[in-house]
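Colleague: A single structure is presented below for examination.
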Amino acid sequence: MARLSFIDRIGLTLAGSALVTVGWVIREGVADIAARMPWHHEIGTTFMAIGVLTLLANISVRAKSLVIIIITGGWAAAAIWAAITMDELIILQRGLIGLTGVFSAIFALTSIPKLVTGEDAAD
């Protein structure tokens, strides 16, 4: 089973802490954030959940693989949705965004067996 390096642990701690902080700021609101972001509680809670998962990735390689799958899968869904629905972009931009979404989806799907076996999905 793969082990996390010291640098991986530092990076995951910083990233997780940043995500939890951003989530808390969005969830609790600053100034007029509620007027500008109607779903600020839900968005903040999502950031906090991903941040906590990222912090838990310090404990196990499987948690790190799960975080990688969630983030790349989310990016894939967002990029493919943007490529399909954003008519104001030129066709080259839509194609490149869609292509990164497809590659992200492929990476996320091929990382699932690594999650099950306990391998590092980043390798």
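Identifiers in the structure tokens: chain A, B, ... in order shown; residue index from 1 per chain; ligand index from 1 in order shown.
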If you run DSSP on the backbone, which residues of chain A are helix (DSSP H, G or I), as a ChimeraX atom specification?
Modeller: /A:6-28,33-36,40-56,61-85,91-117
Colleague: From the list A:Ser5, A:Ile43, A:Met86, A:Glu28, which residue is nearest A:Gly98 when using only C-alpha atoms?
Modeller: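 For A:Gly98, the nearest of the given residues is A:Met86.
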Colleague: So how far away is atom CA of A:Ala105 from atom CA of A:Asp8, in Å?
Modeller: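 These two atoms are separated by 23.5 Å.
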Colleague: Could you tell me which of A:Leu19, A:Leu109, A:Leu115, A:His40 comes closest to A:Ser60 if we count only C-alpha atoms?
Modeller: A:Leu115
Colleague: Could you please determine the separation between atom CA of A:Gly23 and atom CA of A:Trp81 in Å, to one decimal place?
Modeller: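 That distance, rounded to one decimal, is 23.5 Å.
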Colleague: Determine the nearest neighbour of A:Gly16 from the options A:Asp120, A:Leu66, A:Thr54, A:Gly73, counting only C-alpha atoms.
Modeller: A:Thr54
Colleague: Could you work out how far atom CA of A:Gly101 lies from atom CA of A:Trp75, giving the answer in Å with one decimal?
Modeller: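 Result for atom CA of A:Trp75 versus atom CA of A:Gly101: 6.6 Å, one decimal.
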Colleague: Between A:Ile90, A:Val52, A:Ala79, A:Ala108, which is the closest to A:Val20 once you count only C-alpha atoms?
Modeller: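 Of A:Ile90, A:Val52, A:Ala79, A:Ala108, the one nearest A:Val20, counting only C-alpha atoms, is A:Val52.
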Colleague: I'd like to know which of A:Ile69, A:Ala18, A:Ile84, A:Val25 is closest to A:Ser111, using only C-alpha atoms.
Modeller: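 Closest to A:Ser111 of all the choices is A:Ile69.
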Colleague: Between A:Leu96, A:Ala121, A:Ile10, A:Val116, which residue has the minimum interatomic distance to A:Thr72, considering only C-alpha atoms?
Modeller: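 Among the listed residues, the smallest separation from A:Thr72 belongs to A:Ala121.
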Colleague: Which polymer residues have any atom within 8 Å of an atom of A:Ala63, counting only C-alpha atoms, with same-chain residues fewer than 5 positions away left out, as a ChimeraX atom specification?
Modeller: /A:53-54,56-58
Colleague: May I have the selected residues written with C-alpha atoms, as a PDB file, in the first residue's frame?
Modeller:
ATOM      1  CA  LEU A  53     -12.277  15.242   3.258  1.00  0.00           C
ATOM      2  CA  THR A  54      -9.011  16.843   2.174  1.00  0.00           C
ATOM      3  CA  LEU A  56      -8.848  13.358   6.243  1.00  0.00           C
ATOM      4  CA  ALA A  57      -6.708  12.550   3.209  1.00  0.00           C
ATOM      5  CA  ASN A  58      -3.718  12.996   5.545  1.00  0.00           C
TER       6      ASN A  58
END
